[in-house]
>>> print(open('data_28.tsv').read())   # TSV, C-alpha atoms and all ligand atoms
chain	number	residue	atom	x	y	z
A	25	MET	CA	-18.71	25.06	0.23
A	26	ALA	CA	-15.44	26.47	1.48
A	27	VAL	CA	-12.34	25.15	-0.27
A	28	LEU	CA	-9.10	25.97	1.50
A	29	THR	CA	-5.83	25.61	-0.40
A	30	PRO	CA	-3.00	25.84	2.14
A	31	GLY	CA	0.48	26.45	0.76
A	32	SER	CA	2.40	24.89	3.63
A	33	LEU	CA	2.08	21.99	6.04
A	34	GLU	CA	1.64	24.40	8.92
A	35	ASP	CA	-1.27	26.12	7.16
A	36	ALA	CA	-2.84	22.77	6.31
A	37	LEU	CA	-2.66	21.66	9.95
A	38	ASP	CA	-4.09	25.01	11.10
A	39	ALA	CA	-6.97	24.61	8.66
A	40	LEU	CA	-7.67	21.10	9.94
A	41	ALA	CA	-7.44	22.23	13.57
A	42	LEU	CA	-10.14	24.82	12.82
A	43	HIS	CA	-12.21	22.36	10.75
A	44	PRO	CA	-11.46	18.86	12.12
A	45	ASP	CA	-14.21	17.29	10.03
A	46	ALA	CA	-13.05	18.92	6.79
A	47	LEU	CA	-12.67	16.74	3.71
A	48	VAL	CA	-9.02	16.38	2.81
A	49	LEU	CA	-8.54	16.46	-0.95
A	50	ALA	CA	-5.27	15.18	-2.45
A	51	GLY	CA	-5.37	13.82	-6.02
A	52	GLY	CA	-9.16	13.49	-5.87
A	53	THR	CA	-9.16	10.14	-7.70
A	54	ASP	CA	-11.13	8.45	-4.91
A	55	LEU	CA	-12.89	11.41	-3.36
A	56	MET	CA	-14.30	12.86	-6.57
A	57	VAL	CA	-15.51	9.43	-7.69
A	58	GLU	CA	-17.34	9.08	-4.36
A	59	VAL	CA	-18.94	12.48	-4.83
A	60	ASN	CA	-19.78	11.97	-8.50
A	61	GLU	CA	-21.33	8.57	-7.84
A	62	ALA	CA	-23.19	9.92	-4.78
A	63	HIS	CA	-21.51	7.46	-2.39
A	64	ARG	CA	-20.67	10.58	-0.43
A	65	ARG	CA	-23.48	13.12	-0.28
A	66	LEU	CA	-22.38	16.71	0.16
A	67	THR	CA	-24.64	19.28	1.77
A	68	GLY	CA	-22.66	22.30	0.62
A	69	GLU	CA	-21.76	23.08	4.23
A	70	GLU	CA	-18.52	21.10	4.12
A	71	THR	CA	-15.04	22.53	4.25
A	72	VAL	CA	-12.52	21.02	1.87
A	73	VAL	CA	-8.82	21.25	2.65
A	74	ALA	CA	-7.01	20.68	-0.66
A	75	VAL	CA	-3.45	19.63	0.12
A	76	GLY	CA	-2.08	19.41	-3.42
A	77	ARG	CA	-0.06	22.63	-2.99
A	78	VAL	CA	1.62	21.62	0.26
A	79	PRO	CA	5.29	21.14	-0.73
A	80	GLU	CA	6.20	19.17	2.42
A	81	LEU	CA	3.71	16.47	1.42
A	82	ARG	CA	5.15	16.22	-2.09
A	83	THR	CA	8.74	15.48	-1.09
A	84	TRP	CA	10.58	12.27	-0.26
A	85	ILE	CA	13.91	11.63	1.44
A	86	HIS	CA	16.23	8.63	1.32
A	87	ASP	CA	18.03	8.21	4.64
A	88	PRO	CA	20.92	5.78	4.01
A	89	LEU	CA	21.91	5.71	7.69
A	90	GLU	CA	18.46	4.78	8.92
A	91	GLN	CA	17.98	2.61	5.82
A	92	HIS	CA	14.56	3.96	5.01
A	93	VAL	CA	12.71	6.22	2.60
A	94	ARG	CA	10.32	8.81	3.99
A	95	LEU	CA	7.57	9.47	1.47
A	96	GLY	CA	5.43	12.57	1.87
A	97	ALA	CA	1.77	11.56	1.76
A	98	GLY	CA	1.33	13.54	-1.47
A	99	VAL	CA	3.89	11.54	-3.45
A	100	THR	CA	2.07	10.20	-6.50
A	101	TYR	CA	2.11	6.78	-8.09
A	102	ALA	CA	3.71	8.37	-11.16
A	103	GLU	CA	6.70	9.34	-9.00
A	104	LEU	CA	6.84	5.88	-7.42
A	105	GLU	CA	6.67	3.86	-10.63
A	106	ALA	CA	10.02	4.95	-12.13
A	107	GLY	CA	13.25	6.80	-11.39
A	108	PRO	CA	15.12	6.81	-8.10
A	109	LEU	CA	12.14	5.80	-5.97
A	110	ALA	CA	11.55	2.74	-8.14
A	111	ALA	CA	15.18	1.70	-7.64
A	112	LEU	CA	14.86	2.06	-3.86
A	113	LEU	CA	11.40	0.52	-3.46
A	114	PRO	CA	10.95	-1.93	-6.36
A	115	ALA	CA	7.82	-3.66	-5.05
A	116	LEU	CA	6.08	-0.32	-4.51
A	117	ALA	CA	7.08	0.67	-8.05
A	118	GLN	CA	5.63	-2.57	-9.40
A	119	ALA	CA	2.38	-1.94	-7.51
A	120	ALA	CA	2.33	1.68	-8.73
A	121	ARG	CA	2.58	0.57	-12.37
A	122	THR	CA	-0.63	-1.45	-11.93
A	123	VAL	CA	-2.67	1.51	-10.62
A	124	GLY	CA	-5.29	2.85	-13.05
A	125	SER	CA	-3.98	4.73	-16.07
A	126	PRO	CA	-1.09	7.21	-16.50
A	127	GLN	CA	-3.57	10.06	-15.86
A	128	ILE	CA	-4.73	8.47	-12.59
A	129	ARG	CA	-1.16	7.72	-11.50
A	130	SER	CA	-0.18	11.38	-12.07
A	131	ALA	CA	-2.79	12.52	-9.57
A	132	ALA	CA	-3.25	9.58	-7.16
A	133	THR	CA	-1.19	9.74	-3.97
A	134	ILE	CA	0.09	7.16	-1.55
A	135	GLY	CA	-1.58	9.09	1.30
A	136	GLY	CA	-4.92	8.96	-0.49
A	137	ASN	CA	-4.54	5.21	-1.04
A	138	LEU	CA	-3.91	4.75	2.69
A	139	ALA	CA	-6.73	7.03	3.81
A	140	THR	CA	-9.24	5.35	1.51
A	141	CYS	CA	-8.07	2.02	2.93
A	142	SER	CA	-9.71	-0.21	0.37
A	143	PRO	CA	-8.65	-3.85	0.78
A	144	ALA	CA	-7.84	-3.64	-2.96
A	145	GLY	CA	-5.54	-0.59	-2.67
A	146	ASP	CA	-2.43	-1.58	-4.62
A	147	GLY	CA	0.12	0.26	-2.50
A	148	LEU	CA	-1.14	-1.21	0.74
A	149	PRO	CA	0.14	-4.83	0.68
A	150	VAL	CA	3.58	-3.44	-0.13
A	151	LEU	CA	3.53	-1.05	2.84
A	152	VAL	CA	2.44	-3.90	5.12
A	153	ALA	CA	5.03	-6.37	3.82
A	154	LEU	CA	7.80	-3.79	4.17
A	155	GLU	CA	6.53	-2.88	7.66
A	156	ALA	CA	6.17	0.80	6.82
A	157	ASP	CA	5.09	3.34	9.42
A	158	VAL	CA	2.35	5.89	8.85
A	159	GLU	CA	2.96	9.37	10.27
A	160	LEU	CA	-0.05	11.44	11.31
A	161	MET	CA	0.00	15.10	12.30
A	162	GLY	CA	-2.86	16.81	14.05
A	163	PRO	CA	-3.98	19.14	16.80
A	164	HIS	CA	-2.37	16.93	19.44
A	165	GLY	CA	0.99	16.56	17.72
A	166	THR	CA	2.61	13.87	15.61
A	167	ARG	CA	2.20	10.14	16.03
A	168	THR	CA	3.38	7.17	14.00
A	169	MET	CA	2.07	3.66	13.77
A	170	PRO	CA	2.69	0.58	11.64
A	171	ALA	CA	0.68	0.65	8.41
A	172	ALA	CA	-0.82	-2.69	9.45
A	173	GLU	CA	-2.30	-1.06	12.57
A	174	PHE	CA	-3.39	2.09	10.76
A	175	MET	CA	-5.74	0.06	8.56
A	176	ILE	CA	-8.44	-1.31	10.83
A	177	GLY	CA	-11.10	-2.51	8.41
A	178	VAL	CA	-12.80	-1.99	5.06
A	179	LYS	CA	-12.28	1.74	4.40
A	180	ARG	CA	-11.66	2.28	8.13
A	181	THR	CA	-8.45	3.69	9.54
A	182	ALA	CA	-7.03	4.87	12.86
A	183	ARG	CA	-6.94	8.47	11.61
A	184	ARG	CA	-8.62	10.88	14.03
A	185	PRO	CA	-10.60	14.03	13.12
A	186	GLY	CA	-8.26	16.92	12.37
A	187	GLU	CA	-5.35	14.62	11.52
A	188	LEU	CA	-3.46	14.63	8.27
A	189	ILE	CA	-1.45	11.69	7.01
A	190	SER	CA	1.85	13.50	6.61
A	191	ALA	CA	4.25	10.74	5.55
A	192	VAL	CA	4.99	7.04	5.25
A	193	THR	CA	8.38	5.73	6.28
A	194	VAL	CA	9.37	2.62	4.35
A	195	PRO	CA	12.33	0.49	5.52
A	196	LEU	CA	14.82	-0.59	2.87
A	197	LEU	CA	15.35	-4.34	2.92
A	198	ASP	CA	18.28	-6.25	1.50
A	199	GLY	CA	16.70	-8.84	-0.75
A	200	TRP	CA	14.25	-9.51	-3.56
A	201	GLN	CA	10.80	-7.95	-3.37
A	202	GLY	CA	7.86	-8.05	-5.71
A	203	TYR	CA	4.16	-7.38	-6.12
A	204	ALA	CA	1.63	-9.30	-8.18
A	205	LYS	CA	-2.07	-8.80	-8.77
A	206	VAL	CA	-4.95	-10.59	-10.45
A	207	GLY	CA	-7.83	-8.62	-11.98
A	208	VAL	CA	-10.45	-9.16	-14.62
A	209	ARG	CA	-8.08	-7.77	-17.26
A	210	ASN	CA	-4.47	-6.62	-17.43
A	211	ALA	CA	-4.80	-2.85	-17.06
A	212	MET	CA	-7.10	-0.27	-15.42
A	213	VAL	CA	-8.26	-2.87	-12.99
A	214	ILE	CA	-9.03	-3.17	-9.30
A	215	ALA	CA	-7.34	-6.20	-7.72
A	216	ILE	CA	-9.34	-9.39	-7.21
A	217	ALA	CA	-6.36	-10.68	-5.26
A	218	SER	CA	-2.89	-9.26	-4.73
A	219	SER	CA	0.30	-10.16	-2.88
A	220	CYS	CA	3.57	-8.57	-1.96
A	221	LEU	CA	6.57	-10.69	-1.02
A	222	ALA	CA	9.68	-9.12	0.48
A	223	VAL	CA	12.86	-10.96	1.44
A	224	ASP	CA	15.46	-9.69	3.88
A	225	VAL	CA	18.57	-11.80	3.37
A	226	PRO	CA	20.64	-10.61	6.39
A	227	THR	CA	17.84	-11.55	8.81
A	228	ARG	CA	16.72	-14.49	6.67
A	229	SER	CA	13.13	-13.35	6.80
A	230	VAL	CA	10.32	-13.57	4.26
A	231	ARG	CA	7.30	-11.28	4.49
A	232	LEU	CA	4.06	-11.89	2.62
A	233	ALA	CA	1.10	-9.50	2.65
A	234	LEU	CA	-2.18	-10.19	0.89
A	235	GLY	CA	-4.66	-7.70	-0.58
A	236	SER	CA	-8.32	-8.01	-1.63
A	237	VAL	CA	-8.80	-11.29	0.22
A	238	ALA	CA	-9.88	-10.01	3.67
A	239	PRO	CA	-11.47	-6.86	5.13
A	240	THR	CA	-8.04	-5.29	5.12
A	241	ILE	CA	-4.48	-6.26	4.24
A	242	VAL	CA	-3.28	-9.42	6.03
A	243	ARG	CA	0.16	-10.89	6.68
A	244	ALA	CA	0.43	-14.62	6.02
A	245	SER	CA	2.53	-15.41	9.07
A	246	ALA	CA	2.31	-19.22	8.87
A	247	ALA	CA	3.53	-19.07	5.26
A	248	GLU	CA	6.32	-16.68	6.24
A	249	ALA	CA	7.52	-18.98	9.06
A	250	PHE	CA	7.36	-21.99	6.74
A	251	ALA	CA	9.41	-20.20	4.09
A	252	VAL	CA	12.22	-19.35	6.50
A	253	ASP	CA	12.89	-23.08	7.01
A	254	ALA	CA	11.97	-24.23	3.51
A	255	VAL	CA	14.27	-21.86	1.62
A	256	ASP	CA	17.85	-22.96	0.96
A	257	TRP	CA	19.39	-19.61	1.87
A	258	ASP	CA	22.93	-20.56	0.82
A	259	ALA	CA	21.87	-21.66	-2.64
A	260	SER	CA	19.10	-19.03	-2.81
A	261	ALA	CA	16.67	-21.71	-3.97
A	262	VAL	CA	13.34	-23.19	-3.04
A	263	ALA	CA	11.99	-26.63	-3.98
A	264	PRO	CA	8.79	-26.69	-6.09
A	265	ASP	CA	6.80	-28.60	-3.46
A	266	ALA	CA	7.86	-26.11	-0.79
A	267	ALA	CA	6.65	-23.25	-3.00
A	268	THR	CA	3.36	-25.07	-3.45
A	269	ARG	CA	2.97	-25.47	0.31
A	270	PHE	CA	3.82	-21.78	0.77
A	271	GLY	CA	0.94	-20.91	-1.59
A	272	GLU	CA	-1.47	-23.15	0.33
A	273	LEU	CA	-0.52	-21.51	3.63
A	274	ALA	CA	-1.00	-18.08	2.06
A	275	ALA	CA	-4.49	-19.06	0.90
A	276	ALA	CA	-5.28	-20.31	4.41
A	277	ALA	CA	-4.47	-16.85	5.78
A	278	SER	CA	-7.09	-15.24	3.55
A	279	SER	CA	-10.78	-14.77	4.37
A	280	PRO	CA	-12.25	-13.56	1.09
A	281	ILE	CA	-15.84	-12.84	0.16
A	282	ASP	CA	-17.94	-13.34	-2.95
A	283	ASP	CA	-18.67	-10.06	-4.70
A	284	HIS	CA	-19.34	-8.67	-8.18
A	285	ARG	CA	-15.65	-9.06	-9.10
A	286	ALA	CA	-14.98	-12.67	-8.07
A	287	THR	CA	-16.01	-15.53	-5.82
A	288	ALA	CA	-14.26	-16.21	-2.53
A	289	ALA	CA	-13.05	-19.56	-3.92
A	290	TYR	CA	-11.46	-17.86	-6.95
A	291	ARG	CA	-9.78	-15.26	-4.74
A	292	ARG	CA	-8.37	-17.97	-2.44
A	293	ARG	CA	-6.99	-19.86	-5.42
A	294	ALA	CA	-5.62	-16.65	-6.98
A	295	VAL	CA	-3.74	-15.68	-3.85
A	296	GLU	CA	-2.35	-19.22	-3.57
A	297	VAL	CA	-0.93	-19.00	-7.09
A	298	LEU	CA	0.39	-15.45	-6.60
A	299	ALA	CA	2.21	-16.38	-3.38
A	300	ARG	CA	3.74	-19.50	-4.91
A	301	ARG	CA	4.96	-17.59	-7.95
A	302	LEU	CA	6.40	-14.74	-5.90
A	303	LEU	CA	8.40	-17.17	-3.77
A	304	GLN	CA	9.69	-18.91	-6.89
A	305	TRP	CA	10.62	-15.58	-8.47
A	306	ALA	CA	12.49	-14.63	-5.30
A	307	PHE	CA	14.42	-17.89	-5.12
A	308	VAL	CA	15.07	-19.28	-8.57
A	309	GLY	CA	18.83	-19.41	-8.57
A	310	PRO	CA	21.01	-17.06	-10.62
A	311	VAL	CA	18.22	-15.23	-12.48
A	312	GLY	CA	16.07	-14.16	-9.57
A	313	ARG	CA	18.34	-14.46	-6.59
A	314	ALA	CA	17.14	-13.16	-3.26
A	315	ARG	CA	20.13	-10.90	-3.05
B	1	LIG	C1	-10.18	5.27	-12.93
B	1	LIG	C2	-9.57	4.93	-11.59
B	1	LIG	C3	-8.74	3.82	-11.49
B	1	LIG	C4	-8.17	3.49	-10.25
B	1	LIG	N1	-7.35	2.38	-10.20
B	1	LIG	C5	-6.80	2.06	-9.02
B	1	LIG	C6	-5.93	0.92	-8.95
B	1	LIG	O1	-5.68	0.22	-9.93
B	1	LIG	N2	-5.38	0.62	-7.74
B	1	LIG	C7	-5.63	1.39	-6.62
B	1	LIG	O2	-5.10	1.08	-5.55
B	1	LIG	N3	-6.44	2.46	-6.68
B	1	LIG	C8	-7.02	2.82	-7.84
B	1	LIG	N4	-7.86	3.90	-7.89
B	1	LIG	C9	-8.15	4.61	-6.65
B	1	LIG	C10	-7.26	5.83	-6.35
B	1	LIG	O3	-6.60	6.28	-7.51
B	1	LIG	C11	-6.21	5.54	-5.27
B	1	LIG	O4	-6.79	5.02	-4.09
B	1	LIG	C12	-5.39	6.79	-4.93
B	1	LIG	O5	-4.21	6.41	-4.26
B	1	LIG	C13	-6.14	7.82	-4.10
B	1	LIG	O6	-5.28	8.93	-3.89
B	1	LIG	P1	-5.78	10.44	-4.12
B	1	LIG	O7	-4.62	11.31	-3.82
B	1	LIG	O8	-6.44	10.61	-5.43
B	1	LIG	O9	-6.87	10.54	-2.93
B	1	LIG	P2	-8.15	11.49	-2.82
B	1	LIG	O10	-9.21	11.04	-3.73
B	1	LIG	O11	-7.76	12.92	-2.85
B	1	LIG	O12	-8.55	11.14	-1.31
B	1	LIG	C14	-8.97	9.82	-0.98
B	1	LIG	C15	-9.31	9.79	0.52
B	1	LIG	O13	-8.14	10.01	1.28
B	1	LIG	C16	-8.27	11.18	2.09
B	1	LIG	N5	-6.92	11.78	2.08
B	1	LIG	C17	-6.15	12.03	1.01
B	1	LIG	N6	-4.94	12.47	1.38
B	1	LIG	C18	-4.96	12.52	2.73
B	1	LIG	C19	-3.99	12.89	3.72
B	1	LIG	N7	-2.76	13.30	3.39
B	1	LIG	N8	-4.35	12.79	5.01
B	1	LIG	C20	-5.57	12.37	5.36
B	1	LIG	N9	-6.53	12.00	4.49
B	1	LIG	C21	-6.22	12.07	3.18
B	1	LIG	C22	-9.38	11.99	1.45
B	1	LIG	O14	-10.04	12.80	2.39
B	1	LIG	C23	-10.28	10.88	0.94
B	1	LIG	O15	-11.09	10.38	1.96
B	1	LIG	C24	-8.44	4.28	-9.10
B	1	LIG	C25	-9.26	5.41	-9.21
B	1	LIG	C26	-9.83	5.74	-10.44
B	1	LIG	C27	-10.71	6.94	-10.54
>>> encode(input="data_28.tsv", output="structure tokens")
Amino acid sequence: MAVLTPGSLEDALDALALHPDALVLAGGTDLMVEVNEAHRRLTGEETVVAVGRVPELRTWIHDPLEQHVRLGAGVTYAELEAGPLAALLPALAQAARTVGSPQIRSAATIGGNLATCSPAGDGLPVLVALEADVELMGPHGTRTMPAAEFMIGVKRTARRPGELISAVTVPLLDGWQGYAKVGVRNAMVIAIASSCLAVDVPTRSVRLALGSVAPTIVRASAAEAFAVDAVDWDASAVAPDAATRFGELAAAASSPIDDHRATAAYRRRAVEVLARRLLQWAFVGPVGRAR
């Protein structure tokens, strides 16, 4: 098969314009597993566009005026888990630290996580809770859309043939944010249930996104609306029974299935506990203040 290794974004887009059905290869941590396990059968006629050497995809920019961080699609989980990006996007850093092993995190990219669009993708609830935008470049130009709209189902996205995910723009909120996940063990594990909670103190809003409990990532809007009224914003505190109710509303927003990892009932319960804990961590007085 033909493997193209463009050295610039322009060359990568040209390659995809010529071969719109080409396989895009970033870190290869999903794609190569699919090939090795024969979930994706190759005929040898395919074209692969390997984007690992495209510098524009590997860079990120903090824009303090716009209050966002623009992550190139090729930014890896290793870059997200520590350093300046972790300080700017703490929930994404927390999610990054739970991905695979150090070797996987060195190769795995945020763009690959999005394009694979597994309901268990660890970066994805964070992008949805923070209301990130996905930028796509292709033969017909550049378009952006909310991450929540980009992901349309289990491993199904709004990406069109010939398009490259070029970047993700993540708004910076002013408040506590965190990510939590339940798996069958503590490390090297795919999420059975996951949640990201993000607080924005100036607008007094609470966002909660759930992973692994529906065909794609879901926002728990009833829980979010409940939290806005239930939280004592001046004291930065939440009553235990309100946190419990928040968890129940989160579970009600899920529509999990039974599979080889867990039952639907376990997933619903797990997401209830995760949501309750996240809200308590966000609003526990001096230690975990929302601000
Ligand atoms: C051992 C192991 C453990 C793992 N653990 C976790 C885990 O804990 N949590 C988790 O979320 N994931 C995990 N994964 C899955 C994987 O690491 C992530 O989904 C990762 O983010 C994929 O990124 P990648 O760059 O390797 O993508 P690739 O494998 O290169 O590509 C994945 C898909 O995205 C497409 N693609 C990649 N980049 C682009 C782009 N810029 N534009 C358009 N399409 C693109 C490819 O064509 C392909 O379809 C694990 C994988 C392995 C092998």
>>> residues_around(input="data_28.tsv", residues="Thr29 (chain A)", least_positions_apart="5", cutoff="8 Å", atoms="all atoms listed in the file", output="PDB file with C-alpha atoms, in the coordinates of the input")
ATOM      1  CA  ALA A  36      -2.840  22.770   6.310  1.00  0.00           C
ATOM      2  CA  VAL A  73      -8.820  21.250   2.650  1.00  0.00           C
ATOM      3  CA  ALA A  74      -7.010  20.680  -0.660  1.00  0.00           C
ATOM      4  CA  VAL A  75      -3.450  19.630   0.120  1.00  0.00           C
ATOM      5  CA  GLY A  76      -2.080  19.410  -3.420  1.00  0.00           C
ATOM      6  CA  ARG A  77      -0.060  22.630  -2.990  1.00  0.00           C
TER       7      ARG A  77
END
>>> closest_residue(input="data_28.tsv", among="A:Ala299, A:Val72, A:Ala144, A:Ala171", to="Met25 (chain A)", atoms="all atoms listed in the file")
A:Val72
>>> residues_near_ligand(input="data_28.tsv", ligand="ligand LIG 1 (chain B)", cutoff="8 Å", atoms="all atoms listed in the file", output="MDAnalysis selection string")
chainID A and resid 47:57 75 81 97:98 100:101 120 122:125 128:129 131:142 144:148 160 183 187:191 211:215
>>> atom_distance(input="data_28.tsv", atom1="CA of Ala111 (chain A)", atom2="CA of Asp198 (chain A)")
12.5 Å
>>> atom_distance(input="data_28.tsv", atom1="CA of Leu33 (chain A)", atom2="CA of Glu103 (chain A)")
20.2 Å
>>> atom_distance(input="data_28.tsv", atom1="CA of Asp224 (chain A)", atom2="CA of Leu95 (chain A)")
20.9 Å
>>> axis_aligned_box(input="data_28.tsv", around="region 162-170 of chain A", padding_each_side="4 Å", output="AutoDock Vina command-line options")
--center_x -0.3 --center_y 9.9 --center_z 15.5 --size_x 15.4 --size_y 26.6 --size_z 15.8
>>> residues_around(input="data_28.tsv", residues="region 241-245 of chain A", least_positions_apart="3", cutoff="10 Å", atoms="all atoms listed in the file", output="PyMOL selection string")
chain A and resi 141-145+148-153+171-172+175-178+218-220+230-238+248-251+270-271+273-279+299
>>> closest_residue(input="data_28.tsv", among="A:Val262, A:Ala110, A:Ala39, A:Val208", to="Leu302 (chain A)", atoms="all atoms listed in the file")
A:Val262
>>> closest_residue(input="data_28.tsv", among="A:Val225, A:Ala306, A:Ala62, A:Pro239", to="Pro280 (chain A)", atoms="only C-alpha atoms")
A:Pro239
>>> residues_around(input="data_28.tsv", residues="region 89-92 of chain A", least_positions_apart="4", cutoff="9 Å", atoms="all atoms listed in the file", output="list of chain:residue names")
A:Ile85, A:Thr193, A:Val194, A:Pro195, A:Leu196, A:Leu197
>>> write_last_selection(input="data_28.tsv", atoms="C-alpha atoms", output="mmCIF file, in the frame of the given file")
data_model
loop_
_atom_site.group_PDB
_atom_site.id
_atom_site.type_symbol
_atom_site.label_atom_id
_atom_site.label_comp_id
_atom_site.auth_asym_id
_atom_site.auth_seq_id
_atom_site.Cartn_x
_atom_site.Cartn_y
_atom_site.Cartn_z
ATOM 1 C CA ILE A 85 13.910 11.630 1.440
ATOM 2 C CA THR A 193 8.380 5.730 6.280
ATOM 3 C CA VAL A 194 9.370 2.620 4.350
ATOM 4 C CA PRO A 195 12.330 0.490 5.520
ATOM 5 C CA LEU A 196 14.820 -0.590 2.870
ATOM 6 C CA LEU A 197 15.350 -4.340 2.920
#
>>> closest_residue(input="data_28.tsv", among="A:Phe307, A:Ala115, A:Glu173, A:Thr240", to="Ala259 (chain A)", atoms="all atoms listed in the file")
A:Phe307
>>> decode(input="data_28.tsv", residues="region 190-208 of chain A", atoms="N, CA and C atoms", output="PDB file, in the first residue's frame")
ATOM      1  N   SER A 190      -8.098  19.103  12.320  1.00  0.00           N
ATOM      2  CA  SER A 190      -6.872  19.892  12.416  1.00  0.00           C
ATOM      3  C   SER A 190      -6.620  20.363  13.850  1.00  0.00           C
ATOM      4  N   ALA A 191      -7.674  20.683  14.579  1.00  0.00           N
ATOM      5  CA  ALA A 191      -7.471  21.235  15.937  1.00  0.00           C
ATOM      6  C   ALA A 191      -8.734  21.093  16.774  1.00  0.00           C
ATOM      7  N   VAL A 192      -8.563  21.307  18.053  1.00  0.00           N
ATOM      8  CA  VAL A 192      -9.675  21.375  19.009  1.00  0.00           C
ATOM      9  C   VAL A 192      -9.465  22.647  19.820  1.00  0.00           C
ATOM     10  N   THR A 193     -10.484  23.481  19.869  1.00  0.00           N
ATOM     11  CA  THR A 193     -10.373  24.709  20.647  1.00  0.00           C
ATOM     12  C   THR A 193     -11.143  24.532  21.954  1.00  0.00           C
ATOM     13  N   VAL A 194     -10.426  24.670  23.057  1.00  0.00           N
ATOM     14  CA  VAL A 194     -11.022  24.370  24.364  1.00  0.00           C
ATOM     15  C   VAL A 194     -11.127  25.649  25.187  1.00  0.00           C
ATOM     16  N   PRO A 195     -12.352  26.094  25.514  1.00  0.00           N
ATOM     17  CA  PRO A 195     -12.509  27.303  26.333  1.00  0.00           C
ATOM     18  C   PRO A 195     -11.921  27.114  27.731  1.00  0.00           C
ATOM     19  N   LEU A 196     -11.379  28.195  28.272  1.00  0.00           N
ATOM     20  CA  LEU A 196     -10.852  28.168  29.638  1.00  0.00           C
ATOM     21  C   LEU A 196     -11.941  28.681  30.572  1.00  0.00           C
ATOM     22  N   LEU A 197     -12.345  27.858  31.506  1.00  0.00           N
ATOM     23  CA  LEU A 197     -13.384  28.272  32.458  1.00  0.00           C
ATOM     24  C   LEU A 197     -12.724  28.774  33.735  1.00  0.00           C
ATOM     25  N   ASP A 198     -13.511  29.473  34.522  1.00  0.00           N
ATOM     26  CA  ASP A 198     -13.012  30.004  35.791  1.00  0.00           C
ATOM     27  C   ASP A 198     -13.704  29.254  36.921  1.00  0.00           C
ATOM     28  N   GLY A 199     -13.162  28.114  37.275  1.00  0.00           N
ATOM     29  CA  GLY A 199     -13.765  27.307  38.333  1.00  0.00           C
ATOM     30  C   GLY A 199     -13.148  25.922  38.359  1.00  0.00           C
ATOM     31  N   TRP A 200     -13.580  25.144  39.333  1.00  0.00           N
ATOM     32  CA  TRP A 200     -13.037  23.787  39.506  1.00  0.00           C
ATOM     33  C   TRP A 200     -13.459  22.913  38.335  1.00  0.00           C
ATOM     34  N   GLN A 201     -12.599  21.999  37.945  1.00  0.00           N
ATOM     35  CA  GLN A 201     -12.983  20.997  36.941  1.00  0.00           C
ATOM     36  C   GLN A 201     -12.253  19.706  37.236  1.00  0.00           C
ATOM     37  N   GLY A 202     -12.915  18.600  36.965  1.00  0.00           N
ATOM     38  CA  GLY A 202     -12.283  17.313  37.247  1.00  0.00           C
ATOM     39  C   GLY A 202     -12.888  16.194  36.421  1.00  0.00           C
ATOM     40  N   TYR A 203     -12.118  15.096  36.348  1.00  0.00           N
ATOM     41  CA  TYR A 203     -12.524  13.929  35.566  1.00  0.00           C
ATOM     42  C   TYR A 203     -12.365  12.703  36.442  1.00  0.00           C
ATOM     43  N   ALA A 204     -13.307  11.788  36.374  1.00  0.00           N
ATOM     44  CA  ALA A 204     -13.196  10.553  37.147  1.00  0.00           C
ATOM     45  C   ALA A 204     -13.710   9.396  36.303  1.00  0.00           C
ATOM     46  N   LYS A 205     -13.141   8.231  36.555  1.00  0.00           N
ATOM     47  CA  LYS A 205     -13.431   7.071  35.695  1.00  0.00           C
ATOM     48  C   LYS A 205     -13.455   5.802  36.540  1.00  0.00           C
ATOM     49  N   VAL A 206     -14.320   4.891  36.180  1.00  0.00           N
ATOM     50  CA  VAL A 206     -14.345   3.578  36.821  1.00  0.00           C
ATOM     51  C   VAL A 206     -13.985   2.548  35.769  1.00  0.00           C
ATOM     52  N   GLY A 207     -13.068   1.645  36.115  1.00  0.00           N
ATOM     53  CA  GLY A 207     -12.722   0.537  35.210  1.00  0.00           C
ATOM     54  C   GLY A 207     -12.593  -0.728  36.019  1.00  0.00           C
ATOM     55  N   VAL A 208     -12.170  -1.790  35.382  1.00  0.00           N
ATOM     56  CA  VAL A 208     -12.056  -3.052  36.127  1.00  0.00           C
ATOM     57  C   VAL A 208     -10.805  -3.104  36.995  1.00  0.00           C
TER      58      VAL A 208
END
